[in-house]
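K.L.:
Next comes the structure file query.txt, holding compact mmCIF, C-alpha atoms and all ligand atoms.
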# COMPACT_ATOMS: atom_id res chain seq x y z
CA MET X 279 0.00 0.00 0.00
CA GLN X 280 2.86 2.34 0.90
CA GLN X 281 4.52 1.60 -2.44
CA ARG X 282 1.35 2.36 -4.35
CA ALA X 283 0.88 5.63 -2.42
CA GLU X 284 4.50 6.58 -3.12
CA SER X 285 3.97 6.12 -6.83
CA PHE X 286 1.33 8.85 -6.80
CA LEU X 287 2.08 11.07 -3.77
CA PRO X 288 5.49 12.52 -2.76
CA GLY X 289 6.62 10.35 0.15
CA GLY X 290 3.28 8.58 -0.09
CA VAL X 291 1.57 11.26 2.00
CA ASP X 292 -0.37 14.51 1.92
CA SER X 293 1.29 15.90 5.07
CA PRO X 294 4.96 15.11 5.81
CA VAL X 295 4.81 13.89 9.41
CA ARG X 296 2.48 11.04 8.37
CA ALA X 297 5.42 9.42 6.53
CA PHE X 298 7.01 8.31 9.87
CA ARG X 299 10.46 9.53 8.75
CA ALA X 300 11.36 10.59 12.31
CA VAL X 301 10.61 7.16 13.78
CA GLY X 302 11.28 4.84 10.85
CA GLY X 303 9.19 2.06 9.36
CA ASP X 304 6.16 2.29 7.14
CA PRO X 305 3.07 3.96 8.60
CA PRO X 306 -0.04 1.80 8.94
CA PHE X 307 -2.84 2.66 6.50
CA VAL X 308 -6.03 3.45 8.34
CA GLU X 309 -9.19 1.82 7.11
CA ARG X 310 -11.57 3.05 9.78
CA ALA X 311 -11.65 4.71 13.16
CA ASP X 312 -14.01 4.25 16.06
CA GLY X 313 -13.90 5.75 19.57
CA ALA X 314 -10.31 5.64 20.84
CA TYR X 315 -9.10 3.23 18.15
CA LEU X 316 -7.76 3.19 14.59
CA TYR X 317 -7.98 0.03 12.48
CA ASP X 318 -5.63 -0.69 9.60
CA ALA X 319 -6.28 -2.63 6.42
CA ASP X 320 -4.70 -5.79 7.91
CA GLY X 321 -7.18 -5.80 10.76
CA ASN X 322 -4.75 -4.46 13.38
CA ARG X 323 -6.19 -2.23 16.09
CA TYR X 324 -4.27 0.75 17.52
CA LEU X 325 -5.09 2.83 20.58
CA ASP X 326 -4.92 6.35 19.15
CA PHE X 327 -2.98 9.09 20.94
CA PHE X 328 -2.98 11.73 18.22
CA GLY X 329 -6.71 12.03 17.49
CA SER X 330 -6.26 13.32 13.93
CA TRP X 331 -3.81 15.81 15.49
CA GLY X 332 -6.41 17.16 17.88
CA PRO X 333 -9.94 17.42 16.49
CA MET X 334 -11.28 14.09 17.79
CA ILE X 335 -11.78 15.17 21.40
CA LEU X 336 -15.00 13.14 21.62
CA GLY X 337 -13.48 10.09 19.93
CA HIS X 338 -13.73 8.89 16.34
CA ALA X 339 -17.08 8.55 14.58
CA PHE X 340 -18.86 10.10 17.56
CA PRO X 341 -22.52 9.41 16.65
CA PRO X 342 -23.99 12.96 17.02
CA VAL X 343 -21.18 14.38 14.83
CA THR X 344 -21.50 11.60 12.24
CA GLU X 345 -25.28 12.05 12.08
CA ALA X 346 -24.96 15.83 11.71
CA ILE X 347 -22.55 15.39 8.79
CA GLN X 348 -24.79 12.81 7.09
CA SER X 349 -27.86 14.94 7.41
CA ALA X 350 -26.03 18.08 6.17
CA ALA X 351 -24.60 16.13 3.19
CA ALA X 352 -28.11 15.11 2.17
CA ARG X 353 -28.97 18.82 1.90
CA GLY X 354 -25.97 19.64 -0.33
CA ALA X 355 -22.20 19.51 0.15
CA SER X 356 -21.43 23.15 -0.58
CA PHE X 357 -23.44 26.26 -1.40
CA GLY X 358 -20.86 29.01 -1.86
CA ALA X 359 -23.57 31.20 -0.33
CA SER X 360 -24.64 32.21 3.15
CA HIS X 361 -26.56 29.76 5.34
CA ALA X 362 -27.77 29.76 8.94
CA GLY X 363 -25.16 27.21 10.08
CA GLU X 364 -22.40 29.84 9.96
CA ALA X 365 -24.01 32.11 12.55
CA ASP X 366 -25.12 29.07 14.57
CA LEU X 367 -21.54 27.84 14.92
CA ALA X 368 -20.25 31.39 15.45
CA GLU X 369 -22.66 31.83 18.35
CA LEU X 370 -21.36 28.64 20.00
CA VAL X 371 -17.74 29.71 19.46
CA GLN X 372 -18.46 33.10 21.02
CA ARG X 373 -20.12 31.46 24.01
CA CYS X 374 -16.85 29.60 24.66
CA PHE X 375 -14.53 32.47 23.65
CA PRO X 376 -16.02 35.78 24.85
CA SER X 377 -12.99 37.68 23.43
CA VAL X 378 -14.11 36.65 19.94
CA LYS X 379 -16.68 39.34 19.22
CA LYS X 380 -16.71 38.65 15.50
CA MET X 381 -15.16 35.85 13.50
CA ARG X 382 -14.67 34.43 10.05
CA PHE X 383 -14.59 30.75 9.13
CA VAL X 384 -11.89 29.35 6.86
CA SER X 385 -10.89 25.82 5.84
CA SER X 386 -7.73 25.20 7.90
CA GLY X 387 -5.62 26.42 10.79
CA THR X 388 -3.03 27.65 8.29
CA GLU X 389 -5.58 29.93 6.66
CA ALA X 390 -6.78 31.17 10.05
CA CYS X 391 -3.26 32.20 11.12
CA MET X 392 -2.26 33.59 7.73
CA SER X 393 -5.43 35.69 7.58
CA ALA X 394 -5.09 36.89 11.18
CA ILE X 395 -1.54 38.10 10.44
CA ARG X 396 -2.68 39.94 7.31
CA LEU X 397 -5.48 41.53 9.29
CA ALA X 398 -3.11 42.59 12.09
CA ARG X 399 -0.77 44.14 9.53
CA GLY X 400 -3.64 45.91 7.77
CA PHE X 401 -5.12 47.20 11.00
CA THR X 402 -1.87 48.51 12.48
CA GLY X 403 -0.22 49.58 9.22
CA ARG X 404 2.94 47.79 10.43
CA SER X 405 4.90 44.93 8.84
CA PHE X 406 6.86 42.98 11.48
CA VAL X 407 5.49 39.89 13.24
CA ILE X 408 6.88 38.31 16.39
CA LYS X 409 6.62 34.53 16.61
CA PHE X 410 8.39 32.00 18.80
CA GLU X 411 10.88 29.24 18.07
CA GLY X 412 9.16 25.86 17.92
CA CYS X 413 5.68 27.37 17.47
CA TYR X 414 3.91 26.26 14.30
CA HIS X 415 1.15 28.39 12.86
CA GLY X 416 0.61 26.53 9.60
CA HIS X 417 2.63 26.56 6.42
CA ALA X 418 2.11 30.13 5.17
CA ASP X 419 5.42 31.55 3.89
CA ALA X 420 5.87 34.26 6.51
CA LEU X 421 5.25 31.80 9.35
CA LEU X 422 7.65 29.05 8.29
CA VAL X 423 10.47 30.56 10.30
CA LYS X 424 11.83 28.41 13.12
CA ALA X 425 8.52 26.57 13.19
CA GLY X 426 8.22 23.35 15.18
CA SER X 427 6.16 20.32 14.16
CA GLY X 428 7.20 18.69 10.87
CA VAL X 429 9.65 21.50 10.17
CA ALA X 430 11.54 20.62 13.37
CA THR X 431 11.10 16.89 12.79
CA PHE X 432 12.90 17.12 9.48
CA GLY X 433 15.60 19.43 10.86
CA ILE X 434 14.98 22.21 8.36
CA PRO X 435 15.10 25.72 9.83
CA GLY X 436 12.46 26.97 7.44
CA SER X 437 11.57 25.75 4.00
CA ALA X 438 12.98 25.97 0.52
CA GLY X 439 10.75 28.12 -1.64
CA VAL X 440 10.22 30.86 0.92
CA PRO X 441 11.88 34.02 -0.45
CA ALA X 442 14.08 35.80 2.10
CA GLU X 443 12.05 38.99 1.53
CA THR X 444 8.88 37.17 2.64
CA ALA X 445 10.40 35.97 5.89
CA MET X 446 12.41 39.10 6.69
CA HIS X 447 9.56 40.70 8.60
CA THR X 448 9.18 37.67 10.88
CA LEU X 449 11.11 37.89 14.15
CA ALA X 450 11.50 34.42 15.70
CA LEU X 451 12.29 34.66 19.41
CA PRO X 452 12.78 32.05 22.16
CA TYR X 453 9.53 31.02 23.89
CA ASN X 454 9.16 31.88 27.60
CA ASP X 455 11.64 34.78 27.34
CA LEU X 456 9.90 38.13 27.89
CA ALA X 457 13.16 40.11 27.81
CA ALA X 458 13.71 39.00 24.19
CA VAL X 459 10.26 40.31 23.27
CA GLU X 460 10.83 43.64 24.96
CA LEU X 461 14.16 44.03 23.18
CA ALA X 462 12.52 43.31 19.81
CA PHE X 463 9.93 46.02 20.44
CA GLU X 464 12.68 48.46 21.43
CA ASN X 465 14.67 47.65 18.28
CA HIS X 466 11.65 47.92 15.97
CA GLN X 467 9.75 50.89 17.37
CA ASP X 468 6.30 51.32 15.75
CA GLN X 469 7.04 48.54 13.26
CA ILE X 470 5.65 45.42 14.96
CA ALA X 471 2.09 44.57 13.96
CA CYS X 472 1.53 41.61 16.23
CA ILE X 473 2.76 38.83 18.44
CA ILE X 474 1.45 35.39 17.46
CA VAL X 475 1.93 32.61 19.99
CA GLU X 476 0.75 29.11 20.80
CA PRO X 477 -0.26 29.84 24.42
CA VAL X 478 0.74 26.28 25.29
CA VAL X 479 3.18 25.06 22.66
CA GLY X 480 2.15 21.79 21.06
CA ASN X 481 4.34 21.82 17.98
CA ALA X 482 7.69 21.41 19.71
CA GLY X 483 6.14 18.75 21.90
CA THR X 484 4.09 20.17 24.76
CA ILE X 485 5.70 23.21 26.44
CA LEU X 486 3.91 25.17 29.14
CA PRO X 487 4.03 28.95 29.52
CA ALA X 488 6.05 30.04 32.57
CA ALA X 489 4.07 31.83 35.28
CA GLY X 490 3.30 35.37 34.08
CA TYR X 491 4.63 34.79 30.55
CA LEU X 492 1.34 35.16 28.67
CA GLN X 493 0.36 38.12 30.86
CA GLY X 494 3.75 39.65 30.01
CA LEU X 495 3.11 39.23 26.27
CA ARG X 496 -0.31 40.88 26.70
CA GLU X 497 1.23 43.79 28.54
CA LEU X 498 4.08 44.30 26.03
CA ALA X 499 1.76 44.12 23.02
CA THR X 500 -0.52 46.76 24.54
CA ARG X 501 2.39 48.98 25.58
CA TYR X 502 3.91 48.96 22.08
CA GLY X 503 0.64 49.22 20.11
CA ALA X 504 0.80 45.71 18.62
CA LEU X 505 -1.96 43.09 18.56
CA LEU X 506 -1.72 39.86 20.54
CA ILE X 507 -2.85 36.81 18.56
CA LEU X 508 -3.35 33.59 20.51
CA ASP X 509 -3.10 30.62 18.18
CA GLU X 510 -5.57 28.27 19.81
CA VAL X 511 -5.83 25.92 16.83
CA MET X 512 -4.63 23.14 19.13
CA THR X 513 -5.60 24.41 22.60
CA GLY X 514 -9.04 25.81 21.73
CA PHE X 515 -11.89 23.78 23.32
CA ARG X 516 -9.23 21.31 24.50
CA LEU X 517 -7.57 22.81 27.57
CA SER X 518 -10.97 24.11 28.63
CA LEU X 519 -14.10 25.11 26.75
CA GLY X 520 -12.56 28.58 26.36
CA GLY X 521 -9.10 27.21 25.54
CA ALA X 522 -5.85 28.53 26.99
CA GLN X 523 -7.20 32.06 27.26
CA GLU X 524 -9.80 30.89 29.78
CA LEU X 525 -7.29 28.74 31.66
CA TYR X 526 -4.62 31.45 31.92
CA ARG X 527 -7.05 34.42 31.96
CA ILE X 528 -5.62 36.29 28.98
CA GLU X 529 -7.66 38.47 26.66
CA PRO X 530 -6.07 38.48 23.19
CA ASP X 531 -6.95 40.89 20.39
CA LEU X 532 -7.35 38.01 17.95
CA THR X 533 -7.69 34.25 18.32
CA THR X 534 -7.15 31.56 15.70
CA LEU X 535 -9.03 28.27 15.89
CA GLY X 536 -9.01 24.99 13.96
CA LYS X 537 -9.17 21.23 14.59
CA ILE X 538 -11.95 20.79 17.24
CA VAL X 539 -14.05 23.69 15.89
CA GLY X 540 -14.86 21.71 12.72
CA GLY X 541 -15.57 18.35 14.37
CA GLY X 542 -12.92 16.67 12.19
CA LEU X 543 -13.89 18.34 8.91
CA PRO X 544 -11.65 20.91 7.21
CA CYS X 545 -12.44 24.08 9.14
CA GLY X 546 -10.70 26.91 10.96
CA ALA X 547 -11.68 30.34 12.20
CA PHE X 548 -10.13 33.59 13.28
CA GLY X 549 -11.80 36.31 15.26
CA GLY X 550 -11.57 38.80 18.07
CA ARG X 551 -12.02 42.55 18.62
CA GLU X 552 -14.86 44.00 16.61
CA ASP X 553 -12.94 47.08 15.48
CA VAL X 554 -10.14 44.84 14.17
CA MET X 555 -12.45 42.31 12.50
CA ASN X 556 -14.38 45.11 10.79
CA PHE X 557 -11.19 45.84 8.84
CA LEU X 558 -11.96 42.72 6.79
CA ALA X 559 -13.56 42.91 3.34
CA PRO X 560 -16.39 43.57 2.57
CA LEU X 561 -16.44 46.12 5.47
CA GLY X 562 -12.78 47.08 5.39
CA PRO X 563 -9.66 47.13 3.23
CA VAL X 564 -8.13 43.75 4.21
CA TYR X 565 -9.01 41.10 1.62
CA GLN X 566 -9.71 37.53 2.70
CA ALA X 567 -11.94 34.94 1.03
CA GLY X 568 -12.64 31.23 0.48
CA THR X 569 -14.78 29.15 -1.90
CA LEU X 570 -15.44 26.51 0.76
CA SER X 571 -15.34 28.82 3.82
CA GLY X 572 -18.29 28.19 6.12
CA ASN X 573 -18.87 24.86 4.37
CA PRO X 574 -22.25 23.43 5.51
CA LEU X 575 -20.83 20.01 6.42
CA ALA X 576 -18.02 21.53 8.47
CA MET X 577 -20.46 23.90 10.21
CA ALA X 578 -22.79 21.00 11.02
CA ALA X 579 -19.95 18.88 12.42
CA GLY X 580 -18.66 21.83 14.45
CA ILE X 581 -22.12 22.63 15.82
CA ALA X 582 -22.65 19.01 16.89
CA GLN X 583 -19.22 18.77 18.53
CA LEU X 584 -19.32 22.14 20.32
CA SER X 585 -22.93 21.64 21.46
CA HIS X 586 -21.89 18.39 23.10
CA LEU X 587 -18.79 19.93 24.70
CA ILE X 588 -20.83 22.86 26.05
CA ALA X 589 -23.65 20.67 27.38
CA HIS X 590 -21.31 18.23 29.15
CA ALA X 591 -18.29 20.40 29.99
CA ASP X 592 -18.59 19.68 33.72
CA VAL X 593 -18.03 15.97 33.05
CA ILE X 594 -15.78 16.13 29.99
CA TYR X 595 -12.89 18.31 31.17
CA PRO X 596 -12.40 16.59 34.56
CA HIS X 597 -12.56 13.20 32.78
CA LEU X 598 -9.93 14.26 30.22
CA GLU X 599 -7.73 15.64 33.00
CA MET X 600 -7.91 12.46 35.07
CA THR X 601 -7.42 10.03 32.19
CA THR X 602 -4.52 11.95 30.70
CA ARG X 603 -2.81 12.35 34.06
CA SER X 604 -3.04 8.58 34.69
CA ILE X 605 -1.48 7.79 31.31
CA ALA X 606 1.18 10.52 31.23
CA GLU X 607 2.37 10.05 34.81
CA GLY X 608 1.86 6.28 34.74
CA VAL X 609 4.22 5.78 31.80
CA ALA X 610 6.78 8.20 33.25
CA ALA X 611 6.78 6.13 36.46
CA LEU X 612 7.27 2.90 34.48
CA ALA X 613 10.18 4.47 32.62
CA ALA X 614 11.77 5.58 35.89
CA GLU X 615 11.46 2.00 37.21
CA VAL X 616 13.70 0.77 34.39
CA GLY X 617 16.10 3.70 34.79
CA ILE X 618 14.97 5.87 31.88
CA SER X 619 14.51 9.53 32.73
CA ILE X 620 11.83 11.26 30.76
CA THR X 621 10.34 14.67 31.31
CA THR X 622 6.57 14.74 31.11
CA ASN X 623 4.95 18.03 30.09
CA ARG X 624 1.16 18.06 30.28
CA VAL X 625 -1.78 20.43 30.42
CA GLY X 626 -5.23 18.84 30.49
CA SER X 627 -5.48 16.32 27.67
CA MET X 628 -2.32 17.27 25.76
CA PHE X 629 1.08 15.95 26.76
CA THR X 630 4.57 14.92 25.66
CA TRP X 631 7.13 12.48 27.02
CA PHE X 632 10.47 14.16 26.25
CA PHE X 633 13.35 11.71 26.29
CA THR X 634 15.56 13.93 28.41
CA PRO X 635 15.99 14.20 32.18
CA MET X 636 16.10 18.03 31.91
CA PRO X 637 13.10 20.37 32.15
CA VAL X 638 11.73 21.48 28.76
CA GLU X 639 10.66 25.12 28.74
CA ASP X 640 11.60 26.20 25.22
CA PHE X 641 12.48 24.73 21.85
CA ALA X 642 16.24 24.62 22.50
CA GLN X 643 15.59 22.39 25.53
CA ALA X 644 13.13 20.22 23.58
CA ALA X 645 15.84 19.75 20.96
CA MET X 646 18.15 18.22 23.64
CA SER X 647 15.85 15.16 23.71
CA ASP X 648 17.15 11.78 22.63
CA THR X 649 15.09 11.48 19.46
CA ALA X 650 16.56 8.05 18.66
CA ALA X 651 15.24 6.75 22.01
CA PHE X 652 11.88 8.32 21.26
CA ALA X 653 11.83 6.58 17.87
CA ARG X 654 12.59 3.18 19.47
CA PHE X 655 9.84 3.74 22.02
CA HIS X 656 7.40 4.81 19.30
CA ARG X 657 8.03 1.69 17.24
CA ALA X 658 7.75 -0.62 20.25
CA MET X 659 4.49 1.04 21.29
CA LEU X 660 3.11 0.66 17.78
CA ASP X 661 4.04 -3.03 17.84
CA ALA X 662 2.14 -3.29 21.12
CA GLY X 663 -0.93 -1.63 19.57
CA VAL X 664 -0.52 2.01 20.68
CA TRP X 665 -0.12 4.75 18.07
CA LEU X 666 1.72 7.79 19.44
CA PRO X 667 2.37 10.93 17.36
CA PRO X 668 5.37 9.92 15.20
CA SER X 669 7.76 12.66 16.31
CA GLN X 670 9.29 13.89 19.56
CA TYR X 671 8.17 17.38 18.51
CA GLU X 672 4.43 16.73 18.58
CA ALA X 673 1.87 16.69 21.38
CA ALA X 674 -0.17 13.59 22.17
CA PHE X 675 -3.93 13.92 22.71
CA VAL X 676 -6.47 12.01 24.76
CA SER X 677 -10.19 11.86 23.96
CA MET X 678 -13.42 11.19 25.84
CA ALA X 679 -13.38 7.70 24.36
CA HIS X 680 -10.26 6.91 26.41
CA GLY X 681 -11.38 5.37 29.69
CA PRO X 682 -9.97 3.04 32.37
CA GLU X 683 -9.62 0.18 29.88
CA GLU X 684 -7.52 2.37 27.57
CA VAL X 685 -5.38 3.60 30.49
CA ALA X 686 -4.66 -0.01 31.47
CA PHE X 687 -3.91 -0.97 27.86
CA ALA X 688 -1.52 1.99 27.38
CA LEU X 689 0.35 1.23 30.61
CA SER X 690 0.70 -2.44 29.79
CA ALA X 691 1.91 -1.60 26.27
CA ALA X 692 4.42 0.87 27.70
CA ARG X 693 5.73 -1.69 30.22
CA GLN X 694 6.24 -4.13 27.33
CA ALA X 695 7.77 -1.46 25.03
CA LEU X 696 10.19 -0.15 27.65
CA ALA X 697 11.34 -3.67 28.48
CA ALA X 698 11.76 -4.60 24.81
CA VAL X 699 13.75 -1.51 23.99
CA TRP X 700 15.94 -1.01 27.04
CA CYS X 701 16.55 -4.34 28.76
N1 LIG X 801 -1.61 26.41 14.45
C1 LIG X 801 -1.35 25.39 15.29
C2 LIG X 801 -1.09 25.67 16.73
C3 LIG X 801 -1.33 24.08 14.80
O1 LIG X 801 -1.08 23.07 15.65
C4 LIG X 801 -1.59 23.85 13.44
C5 LIG X 801 -1.56 22.48 12.88
O2 LIG X 801 -1.16 21.54 13.49
C6 LIG X 801 -1.86 24.94 12.61
C7 LIG X 801 -1.87 26.20 13.15
C8 LIG X 801 -2.16 24.72 11.15
O3 LIG X 801 -3.39 24.10 11.02
P1 LIG X 801 -3.74 23.25 9.70
O4 LIG X 801 -2.87 22.05 9.71
O5 LIG X 801 -5.21 22.95 9.86
O6 LIG X 801 -3.48 24.14 8.53
Could you spell out this file's structure in structure tokens?
Ligand code: PLP
P.N.:
Amino acid sequence: MQQRAESFLPGGVDSPVRAFRAVGGDPPFVERADGAYLYDADGNRYLDFFGSWGPMILGHAFPPVTEAIQSAAARGASFGASHAGEADLAELVQRCFPSVKKMRFVSSGTEACMSAIRLARGFTGRSFVIKFEGCYHGHADALLVKAGSGVATFGIPGSAGVPAETAMHTLALPYNDLAAVELAFENHQDQIACIIVEPVVGNAGTILPAAGYLQGLRELATRYGALLILDEVMTGFRLSLGGAQELYRIEPDLTTLGKIVGGGLPCGAFGGREDVMNFLAPLGPVYQAGTLSGNPLAMAAGIAQLSHLIAHADVIYPHLEMTTRSIAEGVAALAAEVGISITTNRVGSMFTWFFTPMPVEDFAQAAMSDTAAFARFHRAMLDAGVWLPPSQYEAAFVSMAHGPEEVAFALSAARQALAAVWC
């Protein structure tokens, strides 16, 4: 199957990290997914810890989401015209994210971040953007500078094909270092349009913001007349209903969303302050558009998923917290028993086991991890029926479909994998 895919698709994939280059071996080909599990064409079952890279917070093929998609499809796959589902989903998003006064739907997280940056530049009349090393905001040219995720996995600092002039207005600074941000503002007075940040980094593996860091970014952006964009494509509706901004009590100017918001269908959104959002065409001078934006199937899936999260938030978030803690800390304890030091970074249902005994608070520290050890562990876990994200520089995700049985299965697989690899 891999060979056939490779004869038509570069590397056999449509997104590089799926090729398993960082961990070796051929990736399984998924035939179907249900709850917490993926099934390949040979009938193997895998406990899934990447959840389509985040969207599947309620588990795969969650019946209310599946039914909403089926019923929307029967009414037409795309209109290219306004329909009530757009405002219905927007209302749910706003209920979770009060800072998002107005929003626009797009088809991916990349588009959400790219459009938010353009809007910030248009609104402020400034060109420079501050981003952070190891943070990934999609594959738009200006944002592929010291990005994490696949870009880090493949050891390329940026990407071929990005002209230097395109990237020259992007300032990539170390995460969790407020002094570096202040210095950049001092050196580029009245030139910085915005700071864009993953409030909890997921794309260098999971890295938590130091106490006061996000508040510091908010304060510096305000002081220097720049906008603060929280990229909550990964953290939105995951760390809490209102994402990282609710958890850490930060009010950004703009927020970008993706993954969970579309219930697993191609969908993203960006939104925030009304005066800023009103700069978008057709009201304002910043152009942004999309043939499939606000797609009726994606809106229906998003409405079904968010409605469920909102209705059951009091059960869902504590469950995710408890399950993820048991798995993340349980495996770290097993590793310690056999003399392997790993550093576990976790917030709610996203986590990473870094194969290093040192704390990981920025990308440089993440890059000290023993990626060969991670790769061995990944392969042994896959052999034992657990599918982890195939790179040290990616966060793992837990869903509502993961319960006590899945915790026990993951721990037993890890015991087996650690013994196979290190004894
Ligand atoms: N922003 C963050 C924080 C992400 O994690 C991702 C994707 O993983 C993106 C943006 C880009 O989203 P997409 O892959 O939907 O274009």
K.L.:
Skip Gly387 of chain X itself and residues of its chain fewer than 3 positions away, then list as a PyMOL selection string all residues within 10 Å of it, counting only C-alpha atoms.
P.N.:
chain X and resi 384+390-393+415-417+509-512+534-537+544-548
K.L.:
Counting all atoms listed in the file, which of X:Leu666, X:Leu561, X:Val291, X:Ala314 gets nearest to Glu684 of chain X?
P.N.:
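Selected residue with least distance to Glu684 of chain X: X:Ala314.
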K.L.:
Tell me which protein, DNA and RNA residues are within 8 Å of segment 354-370 of chain X, counting all atoms listed in the file, leaving out same-chain ones fewer than 3 positions away, and put them as a short mmCIF file (atom, residue, chain, number, x, y, z; two decimals) with C-alpha atoms, keeping the file's coordinate frame.
P.N.:
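The resulting file, out.cif, is shown below:
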data_model
loop_
_atom_site.label_atom_id
_atom_site.label_comp_id
_atom_site.auth_asym_id
_atom_site.auth_seq_id
_atom_site.Cartn_x
_atom_site.Cartn_y
_atom_site.Cartn_z
CA ALA X 350 -26.03 18.08 6.17
CA ALA X 351 -24.60 16.13 3.19
CA ARG X 373 -20.12 31.46 24.01
CA CYS X 374 -16.85 29.60 24.66
CA MET X 381 -15.16 35.85 13.50
CA PHE X 383 -14.59 30.75 9.13
CA THR X 569 -14.78 29.15 -1.90
CA LEU X 570 -15.44 26.51 0.76
CA SER X 571 -15.34 28.82 3.82
CA GLY X 572 -18.29 28.19 6.12
CA ASN X 573 -18.87 24.86 4.37
CA PRO X 574 -22.25 23.43 5.51
CA LEU X 575 -20.83 20.01 6.42
CA MET X 577 -20.46 23.90 10.21
CA ALA X 578 -22.79 21.00 11.02
CA GLY X 580 -18.66 21.83 14.45
CA ILE X 581 -22.12 22.63 15.82
CA LEU X 584 -19.32 22.14 20.32
CA SER X 585 -22.93 21.64 21.46
#
K.L.:
What residues have an atom no more than 12 Å from (-15.0, 9.3, 17.9) in the file's own frame, counting all atoms listed in the file, and can you write them as a VMD selection string?
P.N.:
chain X and resid 310 to 316 326 329 to 330 332 to 344 538 541 to 542 583 676 to 680
K.L.:
If you measure from atom CA of Ile528 of chain X to atom CA of Ala606 of chain X, what distance in Å do you get, rounded to one decimal?
P.N.:
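Atom-to-atom, atom CA of Ile528 of chain X and atom CA of Ala606 of chain X are spaced 26.7 Å apart.
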K.L.:
Identify, on the basis of only C-alpha atoms, every residue whose closest approach to Gln566 of chain X does not exceed 10 Å; exclude the query and any residue fewer than 6 positions from it along the same chain; express the result as a ChimeraX atom specification.
P.N.:
/X:382,384,389,392-394,396-397,558-560
K.L.:
Which is closer to ligand LIG 801 (chain X) than all the others in X:Leu422, X:Val308, X:Lys380, X:Phe401, using only C-alpha atoms and all ligand atoms?
P.N.:
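Ranking X:Leu422, X:Val308, X:Lys380, X:Phe401 by distance to ligand LIG 801 (chain X), first place goes to X:Leu422.
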K.L.:
If I take atom CA of Gly663 of chain X and atom CA of Ala283 of chain X, how far is one from the other in Å, to one decimal?
P.N.:
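One can read the atom CA of Gly663 of chain X to atom CA of Ala283 of chain X distance as 23.2 Å.
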K.L.:
Within 12 Å of (-3.1, -0.4, 33.6) (coordinates as in the file), grab all the protein and nucleic acid residues, counting all atoms listed in the file, and write them out as a list in words.
P.N.:
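The requested residues, written out, are Thr601, Ser604, Ile605, Ala606, Glu607, Gly608, Val609, Leu612, Gly681, Pro682, Glu683, Glu684, Val685, Ala686, Phe687, Ala688, Leu689, Ser690, Ala691, Ala692, Arg693 and Gln694 of chain X.
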K.L.:
With C-alpha atoms retained, export the selected residues as a short mmCIF file (atom, residue, chain, number, x, y, z; two decimals), keeping the file's coordinate frame.
P.N.:
data_model
loop_
_atom_site.label_atom_id
_atom_site.label_comp_id
_atom_site.auth_asym_id
_atom_site.auth_seq_id
_atom_site.Cartn_x
_atom_site.Cartn_y
_atom_site.Cartn_z
CA THR X 601 -7.42 10.03 32.19
CA SER X 604 -3.04 8.58 34.69
CA ILE X 605 -1.48 7.79 31.31
CA ALA X 606 1.18 10.52 31.23
CA GLU X 607 2.37 10.05 34.81
CA GLY X 608 1.86 6.28 34.74
CA VAL X 609 4.22 5.78 31.80
CA LEU X 612 7.27 2.90 34.48
CA GLY X 681 -11.38 5.37 29.69
CA PRO X 682 -9.97 3.04 32.37
CA GLU X 683 -9.62 0.18 29.88
CA GLU X 684 -7.52 2.37 27.57
CA VAL X 685 -5.38 3.60 30.49
CA ALA X 686 -4.66 -0.01 31.47
CA PHE X 687 -3.91 -0.97 27.86
CA ALA X 688 -1.52 1.99 27.38
CA LEU X 689 0.35 1.23 30.61
CA SER X 690 0.70 -2.44 29.79
CA ALA X 691 1.91 -1.60 26.27
CA ALA X 692 4.42 0.87 27.70
CA ARG X 693 5.73 -1.69 30.22
CA GLN X 694 6.24 -4.13 27.33
#
K.L.:
Can you sort out the box for ligand LIG 801 (chain X), edges along x, y and z, all listed atoms in, 3 Å on every side, with centre and edge lengths in Å to one decimal, as lines of an AutoDock Vina configuration file?
P.N.:
center_x = -3.1
center_y = 24.0
center_z = 12.6
size_x = 10.1
size_y = 10.9
size_z = 14.2
